[in-house]
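To start, the structure under review is shown below, and the notes come after it.
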Amino acid sequence: MFNFFRSTQKKDVLIEKPNHIAIIMDGNGRWAKKRFMPRISGHKKGLESVRNVISQCQKLDIPFLTLFAFSTENWLRPSQEVNFLMSLFQDSIIKESSSLIKNNVQFKLIGDRKPFSKSLISKIKNLERLTEKNTGLTLSVAINYGGRWDIVNAVNQYQKSDHSKKTFTQKDLIKNLSLNFAPDPDFLIRTGGEKRISNFLLWQFSYTELYFTETLWPDFNEKVFMDALFEFQRRERRFGKTSEQL
Ligand code: IPE
Ligand code: IPE
Ligand code: MG
């Protein structure tokens with residue numbers, strides 16, 4: 001009965017929304033290449049899609065949004081592109097802060113901050129502090145983030161804690177992961193057509209619904225987002241159980 005309802009419900013009514021959406025924002029370089037422009041113009045354009053998806057999540061009352069902006073492997077790119085991306089992050093943190101504060105967004109940065117400049121680290125901390133009491137969307141941006149780094153970092157943090165003599169449990173790991181303030185993502189959207197995780201939230205994606213679209217990140221818009229969300233609501237999430245048990 002429930003399955004019947006699920007497959008026949010109207011496509012344009014969103015009833016079941018994800019609590020936590022993660023996005024791999026891929027395809028900026030190809031977007032630019034198609035237009036005979038340098039890769040960095042794709043990254044600049046991609047920032048507009050970031051603003052849009054934040055406001056769509058706010059409109060839909062989605063509590064958590066986590067965006068993958070720079071992986072631990074992205075340092076291997078040409079230094080000109082890496083430098084551009086680092087200054088784009090720094091500029092955005094400054095320029096977007098007033099709108100995040102005004103819109104009641106709680107900002108978090110996840111990833112290894114060690115290689116960042118002192119000034120970038122202090123700007124990040126400042127924005128996190130200014131928005132920590134906000135009660136709207138929790139926006140996490142993953143910069144110099146890798147799922148493998150996150151897990152190893154969590155184990156190291158645990159080892160430094162007082163309880164490190166007892167048997168290590170899943171809870172101990174979860175408490176020390178960088179997304180310890182959020183539930184696991186229900187839904188992953190990856191733009192740009194690649195069907196892989198690229199070292200994003202390896203632990204947290206155990207039961208996440210995966211969605212891949214050919215749309216390049218700078219072309220991501222409300223229609224692509226809503227199509228993805230309608231697909232999410234058609235999925236049957238069984239978590240190991242049978243259909244009949246749900
Ligand atoms: C994603 O777009 C942004 C980052 C990884 C920083 P890409 O730059 O990977 O774009 P493509 O995949 O080369 O098109
Ligand atoms: C994944 O994109 C990382 C981000 C979007 C930040 P990549 O373009 O780096 O992924 P691969 O190399 O194609 O797997
Ligand atoms: Mg890419």
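In the structure tokens, chains take letters A, B, ... by order of appearance, with residues numbered from 1 within each chain and ligands from 1 in the order shown.
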
Show me, as a compact mmCIF listing (two decimals) with all heavy atoms, in the first residue's frame, the residues that have an atom within 12 Å of range 88-91 of chain A when counting only C-alpha atoms, minus same-chain residues fewer than 2 positions from it.
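Output file selection_4.txt is given in full below:
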```
# COMPACT_ATOMS: atom_id res chain seq x y z
N ILE A 40 39.24 28.94 -13.95
CA ILE A 40 38.87 29.75 -12.78
C ILE A 40 37.54 30.49 -12.98
O ILE A 40 36.81 30.74 -12.02
CB ILE A 40 39.98 30.75 -12.36
CG1 ILE A 40 40.35 31.67 -13.51
CG2 ILE A 40 41.19 30.02 -11.81
CD1 ILE A 40 41.29 32.81 -13.07
N SER A 41 37.19 30.77 -14.23
CA SER A 41 35.90 31.45 -14.41
C SER A 41 34.74 30.50 -14.09
O SER A 41 33.66 30.93 -13.69
CB SER A 41 35.76 32.07 -15.80
OG SER A 41 36.17 31.17 -16.76
N GLY A 42 34.98 29.19 -14.25
CA GLY A 42 33.98 28.21 -13.82
C GLY A 42 33.81 28.22 -12.31
O GLY A 42 32.68 28.10 -11.80
N HIS A 43 34.92 28.38 -11.59
CA HIS A 43 34.82 28.42 -10.13
C HIS A 43 34.06 29.68 -9.67
O HIS A 43 33.25 29.63 -8.76
CB HIS A 43 36.22 28.41 -9.49
CG HIS A 43 37.00 27.16 -9.79
ND1 HIS A 43 36.45 25.90 -9.71
CD2 HIS A 43 38.29 26.96 -10.20
CE1 HIS A 43 37.36 24.99 -10.03
NE2 HIS A 43 38.48 25.61 -10.34
N LYS A 44 34.36 30.80 -10.36
CA LYS A 44 33.67 32.06 -10.01
C LYS A 44 32.16 31.90 -10.21
O LYS A 44 31.36 32.29 -9.37
CB LYS A 44 34.16 33.18 -10.92
CG LYS A 44 35.19 34.08 -10.29
CD LYS A 44 35.37 35.31 -11.16
CE LYS A 44 36.84 35.55 -11.40
NZ LYS A 44 37.15 36.46 -12.49
N LYS A 45 31.79 31.33 -11.36
CA LYS A 45 30.38 31.14 -11.69
C LYS A 45 29.73 30.17 -10.69
O LYS A 45 28.56 30.30 -10.31
CB LYS A 45 30.27 30.62 -13.12
CG LYS A 45 28.88 30.47 -13.65
CD LYS A 45 28.24 31.80 -13.97
CE LYS A 45 26.82 31.57 -14.45
NZ LYS A 45 26.06 32.83 -14.50
N GLY A 46 30.53 29.17 -10.27
CA GLY A 46 30.03 28.18 -9.32
C GLY A 46 29.59 28.80 -8.00
O GLY A 46 28.69 28.28 -7.32
N LEU A 47 30.20 29.92 -7.65
CA LEU A 47 29.83 30.59 -6.40
C LEU A 47 28.36 31.06 -6.44
O LEU A 47 27.67 31.05 -5.43
CB LEU A 47 30.78 31.78 -6.18
CG LEU A 47 30.70 32.50 -4.85
CD1 LEU A 47 30.95 31.56 -3.68
CD2 LEU A 47 31.73 33.64 -4.83
N VAL A 50 26.29 28.27 -5.46
CA VAL A 50 26.36 28.07 -4.01
C VAL A 50 25.32 28.97 -3.32
O VAL A 50 24.52 28.50 -2.50
CB VAL A 50 27.79 28.36 -3.45
CG1 VAL A 50 27.80 28.36 -1.93
CG2 VAL A 50 28.79 27.34 -4.00
N ALA A 69 33.95 21.66 -1.33
CA ALA A 69 34.54 22.74 -2.14
C ALA A 69 35.98 22.45 -2.55
O ALA A 69 36.42 22.92 -3.60
CB ALA A 69 34.48 24.05 -1.37
N PHE A 70 36.73 21.70 -1.72
CA PHE A 70 38.15 21.46 -2.04
C PHE A 70 38.60 20.21 -1.29
O PHE A 70 38.50 20.15 -0.06
CB PHE A 70 38.98 22.68 -1.61
CG PHE A 70 40.39 22.69 -2.14
CD1 PHE A 70 40.69 23.29 -3.36
CD2 PHE A 70 41.43 22.11 -1.42
CE1 PHE A 70 42.00 23.31 -3.85
CE2 PHE A 70 42.74 22.12 -1.90
CZ PHE A 70 43.02 22.72 -3.11
N GLU A 81 45.67 27.48 -10.14
CA GLU A 81 44.26 27.19 -9.83
C GLU A 81 44.05 27.06 -8.31
O GLU A 81 43.08 27.59 -7.76
CB GLU A 81 43.80 25.90 -10.54
CG GLU A 81 42.33 25.59 -10.29
CD GLU A 81 41.79 24.42 -11.12
OE1 GLU A 81 42.44 24.01 -12.09
OE2 GLU A 81 40.69 23.94 -10.78
N VAL A 82 45.01 26.39 -7.63
CA VAL A 82 44.90 26.21 -6.19
C VAL A 82 44.91 27.59 -5.50
O VAL A 82 44.06 27.87 -4.64
CB VAL A 82 46.06 25.33 -5.65
CG1 VAL A 82 46.10 25.34 -4.13
CG2 VAL A 82 45.93 23.90 -6.17
N ASN A 83 45.84 28.46 -5.94
CA ASN A 83 45.92 29.79 -5.33
C ASN A 83 44.64 30.58 -5.56
O ASN A 83 44.14 31.26 -4.66
CB ASN A 83 47.10 30.59 -5.90
CG ASN A 83 48.42 29.97 -5.48
OD1 ASN A 83 48.47 29.20 -4.51
ND2 ASN A 83 49.47 30.27 -6.23
N PHE A 84 44.10 30.45 -6.78
CA PHE A 84 42.85 31.16 -7.07
C PHE A 84 41.73 30.67 -6.15
O PHE A 84 40.98 31.48 -5.58
CB PHE A 84 42.44 30.96 -8.54
CG PHE A 84 41.12 31.61 -8.84
CD1 PHE A 84 41.06 32.97 -9.13
CD2 PHE A 84 39.94 30.89 -8.75
CE1 PHE A 84 39.83 33.59 -9.35
CE2 PHE A 84 38.71 31.50 -8.98
CZ PHE A 84 38.66 32.85 -9.28
N LEU A 85 41.64 29.35 -6.01
CA LEU A 85 40.57 28.81 -5.16
C LEU A 85 40.72 29.26 -3.72
O LEU A 85 39.73 29.65 -3.08
CB LEU A 85 40.55 27.27 -5.25
CG LEU A 85 39.95 26.72 -6.54
CD1 LEU A 85 40.27 25.24 -6.70
CD2 LEU A 85 38.44 26.95 -6.59
N MET A 86 41.95 29.26 -3.20
CA MET A 86 42.17 29.69 -1.81
C MET A 86 41.77 31.15 -1.63
O MET A 86 41.14 31.51 -0.64
CB MET A 86 43.64 29.49 -1.40
CG MET A 86 44.01 28.04 -1.19
SD MET A 86 42.99 27.26 0.10
CE MET A 86 42.81 25.61 -0.58
N ILE A 93 34.35 34.20 2.26
CA ILE A 93 34.08 34.20 3.70
C ILE A 93 33.84 35.64 4.18
O ILE A 93 32.95 35.89 4.99
CB ILE A 93 35.22 33.49 4.46
CG1 ILE A 93 35.06 31.98 4.25
CG2 ILE A 93 35.21 33.82 5.95
CD1 ILE A 93 36.21 31.15 4.72
N ILE A 94 34.59 36.57 3.62
CA ILE A 94 34.40 37.97 4.02
C ILE A 94 33.11 38.52 3.41
O ILE A 94 32.24 39.05 4.12
CB ILE A 94 35.60 38.84 3.56
CG1 ILE A 94 36.90 38.29 4.17
CG2 ILE A 94 35.40 40.30 3.95
CD1 ILE A 94 38.15 38.86 3.52
N LYS A 95 32.97 38.33 2.08
CA LYS A 95 31.84 38.97 1.39
C LYS A 95 30.48 38.38 1.76
O LYS A 95 29.48 39.08 1.77
CB LYS A 95 32.03 38.84 -0.13
CG LYS A 95 33.09 39.78 -0.67
CD LYS A 95 32.93 39.99 -2.17
CE LYS A 95 34.16 40.64 -2.75
NZ LYS A 95 34.83 39.83 -3.78
N GLU A 96 30.43 37.08 2.02
CA GLU A 96 29.13 36.44 2.27
C GLU A 96 28.73 36.51 3.73
O GLU A 96 27.61 36.16 4.07
CB GLU A 96 29.15 34.96 1.84
CG GLU A 96 29.57 34.70 0.40
CD GLU A 96 28.67 35.35 -0.65
OE1 GLU A 96 27.45 35.38 -0.44
OE2 GLU A 96 29.21 35.84 -1.67
N SER A 97 29.66 36.95 4.61
CA SER A 97 29.36 36.80 6.03
C SER A 97 28.12 37.58 6.46
O SER A 97 27.29 37.05 7.20
CB SER A 97 30.57 37.16 6.89
OG SER A 97 30.89 38.51 6.70
N LEU A 109 33.18 25.25 9.02
CA LEU A 109 34.13 24.76 8.02
C LEU A 109 34.66 23.41 8.48
O LEU A 109 35.07 23.25 9.63
CB LEU A 109 35.28 25.74 7.84
CG LEU A 109 36.17 25.32 6.66
CD1 LEU A 109 36.39 26.48 5.71
CD2 LEU A 109 37.45 24.70 7.11
N PHE A 116 46.30 26.24 6.01
CA PHE A 116 45.73 27.55 5.67
C PHE A 116 46.58 28.67 6.29
O PHE A 116 47.20 28.50 7.33
CB PHE A 116 44.30 27.71 6.18
CG PHE A 116 43.32 26.74 5.59
CD1 PHE A 116 42.04 26.59 6.15
CD2 PHE A 116 43.62 25.99 4.46
CE1 PHE A 116 41.13 25.70 5.61
CE2 PHE A 116 42.71 25.09 3.92
CZ PHE A 116 41.46 24.95 4.50
N SER A 117 46.50 29.85 5.67
CA SER A 117 47.23 30.99 6.23
C SER A 117 46.55 31.41 7.54
O SER A 117 45.36 31.12 7.76
CB SER A 117 47.20 32.15 5.24
OG SER A 117 45.89 32.65 5.14
N LYS A 118 47.35 32.10 8.39
CA LYS A 118 46.82 32.55 9.69
C LYS A 118 45.59 33.42 9.48
O LYS A 118 44.61 33.35 10.22
CB LYS A 118 47.89 33.34 10.44
CG LYS A 118 48.78 32.47 11.27
CD LYS A 118 49.46 33.31 12.37
CE LYS A 118 50.41 32.44 13.16
NZ LYS A 118 51.80 32.92 13.11
N SER A 119 45.65 34.27 8.44
CA SER A 119 44.54 35.21 8.25
C SER A 119 43.28 34.46 7.81
O SER A 119 42.17 34.78 8.25
CB SER A 119 44.94 36.33 7.28
OG SER A 119 44.57 36.03 5.97
N LEU A 120 43.44 33.42 6.99
CA LEU A 120 42.25 32.63 6.59
C LEU A 120 41.67 31.91 7.81
O LEU A 120 40.45 31.94 8.03
CB LEU A 120 42.62 31.63 5.47
CG LEU A 120 41.49 30.72 4.97
CD1 LEU A 120 40.27 31.53 4.51
CD2 LEU A 120 41.95 29.81 3.83
N ILE A 121 42.54 31.33 8.63
CA ILE A 121 42.06 30.61 9.82
C ILE A 121 41.28 31.56 10.73
O ILE A 121 40.20 31.22 11.23
CB ILE A 121 43.23 29.94 10.59
CG1 ILE A 121 43.87 28.86 9.72
CG2 ILE A 121 42.75 29.35 11.92
CD1 ILE A 121 45.09 28.18 10.30
N SER A 122 41.79 32.78 10.91
CA SER A 122 41.10 33.68 11.84
C SER A 122 39.77 34.15 11.24
O SER A 122 38.78 34.32 11.97
CB SER A 122 41.99 34.82 12.30
OG SER A 122 42.03 35.82 11.34
N LYS A 123 39.72 34.31 9.92
CA LYS A 123 38.44 34.70 9.29
C LYS A 123 37.39 33.58 9.43
O LYS A 123 36.21 33.84 9.67
CB LYS A 123 38.66 35.04 7.81
CG LYS A 123 39.34 36.38 7.66
CD LYS A 123 39.55 36.76 6.23
CE LYS A 123 40.27 38.08 6.16
NZ LYS A 123 41.74 37.92 6.08
N ILE A 124 37.85 32.35 9.27
CA ILE A 124 36.93 31.21 9.42
C ILE A 124 36.38 31.17 10.86
O ILE A 124 35.17 31.08 11.08
CB ILE A 124 37.66 29.87 9.11
CG1 ILE A 124 38.05 29.81 7.62
CG2 ILE A 124 36.79 28.67 9.48
CD1 ILE A 124 39.09 28.74 7.30
N LEU A 127 33.86 33.91 11.59
CA LEU A 127 32.52 33.68 11.02
C LEU A 127 31.79 32.56 11.78
O LEU A 127 30.58 32.64 12.02
CB LEU A 127 32.62 33.36 9.52
CG LEU A 127 31.29 33.20 8.78
CD1 LEU A 127 30.39 34.43 8.95
CD2 LEU A 127 31.53 32.93 7.30
N VAL A 141 30.98 23.85 5.02
CA VAL A 141 31.75 23.88 3.78
C VAL A 141 33.02 23.07 4.00
O VAL A 141 33.75 23.30 4.96
CB VAL A 141 32.06 25.33 3.35
CG1 VAL A 141 32.84 25.34 2.04
CG2 VAL A 141 30.77 26.14 3.20
N ALA A 142 33.23 22.08 3.12
CA ALA A 142 34.38 21.18 3.26
C ALA A 142 35.53 21.69 2.40
O ALA A 142 35.45 21.68 1.18
CB ALA A 142 33.98 19.76 2.85
N ILE A 143 36.56 22.18 3.07
CA ILE A 143 37.74 22.70 2.37
C ILE A 143 38.98 22.01 2.94
O ILE A 143 39.16 21.95 4.16
CB ILE A 143 37.85 24.24 2.52
CG1 ILE A 143 36.60 24.91 1.97
CG2 ILE A 143 39.12 24.75 1.83
CD1 ILE A 143 36.60 26.43 2.06
N ASN A 144 39.82 21.53 2.05
CA ASN A 144 40.92 20.62 2.43
C ASN A 144 40.35 19.49 3.27
O ASN A 144 40.87 19.15 4.33
CB ASN A 144 42.05 21.35 3.17
CG ASN A 144 43.29 20.46 3.27
OD1 ASN A 144 43.47 19.54 2.47
ND2 ASN A 144 44.13 20.73 4.24
```

Test item: residues no farther than 12 Å from ligand 2, counting only C-alpha atoms and all ligand atoms, as a ChimeraX atom specification: /A:22-30,39,43,46,66-77,82,85,111,141-147,189-201,216-217

Could you turn the residues from that selection into a file that holds C-alpha atoms, as an mmCIF file, in the first residue's frame?
```cif
data_model
loop_
_atom_site.group_PDB
_atom_site.id
_atom_site.type_symbol
_atom_site.label_atom_id
_atom_site.label_comp_id
_atom_site.auth_asym_id
_atom_site.auth_seq_id
_atom_site.Cartn_x
_atom_site.Cartn_y
_atom_site.Cartn_z
ATOM 1 C CA ALA A 22 25.575 16.849 0.949
ATOM 2 C CA ILE A 23 26.733 18.128 -2.442
ATOM 3 C CA ILE A 24 29.865 17.392 -4.469
ATOM 4 C CA MET A 25 30.006 20.560 -6.551
ATOM 5 C CA ASP A 26 31.783 19.226 -9.633
ATOM 6 C CA GLY A 27 32.093 20.407 -13.225
ATOM 7 C CA ASN A 28 33.314 24.002 -12.901
ATOM 8 C CA GLY A 29 36.346 23.411 -15.122
ATOM 9 C CA ARG A 30 34.319 21.723 -17.885
ATOM 10 C CA ARG A 39 38.928 27.056 -15.430
ATOM 11 C CA HIS A 43 34.822 28.423 -10.125
ATOM 12 C CA GLY A 46 30.026 28.181 -9.322
ATOM 13 C CA THR A 66 27.242 20.294 3.474
ATOM 14 C CA LEU A 67 29.174 21.421 0.400
ATOM 15 C CA PHE A 68 32.406 19.852 -0.884
ATOM 16 C CA ALA A 69 34.540 22.737 -2.137
ATOM 17 C CA PHE A 70 38.151 21.460 -2.044
ATOM 18 C CA SER A 71 39.461 17.968 -1.386
ATOM 19 C CA THR A 72 42.752 16.887 0.180
ATOM 20 C CA GLU A 73 43.684 15.722 -3.340
ATOM 21 C CA ASN A 74 42.857 19.046 -5.031
ATOM 22 C CA TRP A 75 46.283 20.406 -3.939
ATOM 23 C CA LEU A 76 47.648 18.344 -6.844
ATOM 24 C CA ARG A 77 46.125 20.818 -9.335
ATOM 25 C CA VAL A 82 44.905 26.212 -6.186
ATOM 26 C CA LEU A 85 40.567 28.805 -5.162
ATOM 27 C CA GLY A 111 38.567 19.961 6.834
ATOM 28 C CA VAL A 141 31.748 23.882 3.779
ATOM 29 C CA ALA A 142 34.379 21.180 3.262
ATOM 30 C CA ILE A 143 37.741 22.703 2.371
ATOM 31 C CA ASN A 144 40.915 20.624 2.428
ATOM 32 C CA TYR A 145 38.591 17.836 3.427
ATOM 33 C CA GLY A 146 39.093 14.120 2.857
ATOM 34 C CA GLY A 147 37.030 11.301 4.344
ATOM 35 C CA ILE A 189 23.965 15.126 -4.951
ATOM 36 C CA ARG A 190 26.999 15.068 -7.230
ATOM 37 C CA THR A 191 26.964 17.322 -10.278
ATOM 38 C CA GLY A 192 29.262 16.967 -13.285
ATOM 39 C CA GLY A 193 28.347 13.385 -14.175
ATOM 40 C CA GLU A 194 31.090 11.425 -12.355
ATOM 41 C CA LYS A 195 29.750 8.519 -10.345
ATOM 42 C CA ARG A 196 32.147 8.432 -7.445
ATOM 43 C CA ILE A 197 32.575 9.759 -3.919
ATOM 44 C CA SER A 198 36.101 11.213 -4.381
ATOM 45 C CA ASN A 199 37.046 10.834 -0.691
ATOM 46 C CA PHE A 200 34.093 12.877 0.640
ATOM 47 C CA LEU A 201 32.186 11.733 3.747
ATOM 48 C CA LEU A 216 27.727 21.022 -14.362
ATOM 49 C CA TRP A 217 27.849 22.855 -11.019
#
```

Strand (DSSP E) call set, DSSP backbone run, range 11-244 of chain A, as a PyMOL selection string: chain A and resi 20-24+64-71+106-110+138-145+187-190+209-212

Counting only C-alpha atoms and all ligand atoms, the option among A:Thr215, A:Ser92, A:Thr169, A:Gln233 closest to ligand 1: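 Closest candidate: A:Thr215.
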
Per-residue DSSP, range 47-131 of chain A, filtered to helix (DSSP H, G or I), as a ChimeraX atom specification: /A:47-59,74-76,79-102,118-131

Residue neighbourhood Phe181 in chain A, 10 Å, only C-alpha atoms, exclusion window fewer than 6 positions, as an MDAnalysis selection string: chainID A and resid 108 138 174:175

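Between ligand 1 and the candidates A:Asp219, A:Asp150, A:Glu128, A:Glu231, the tightest atom-to-atom separation, counting only C-alpha atoms and all ligand atoms, involves A:Asp219.
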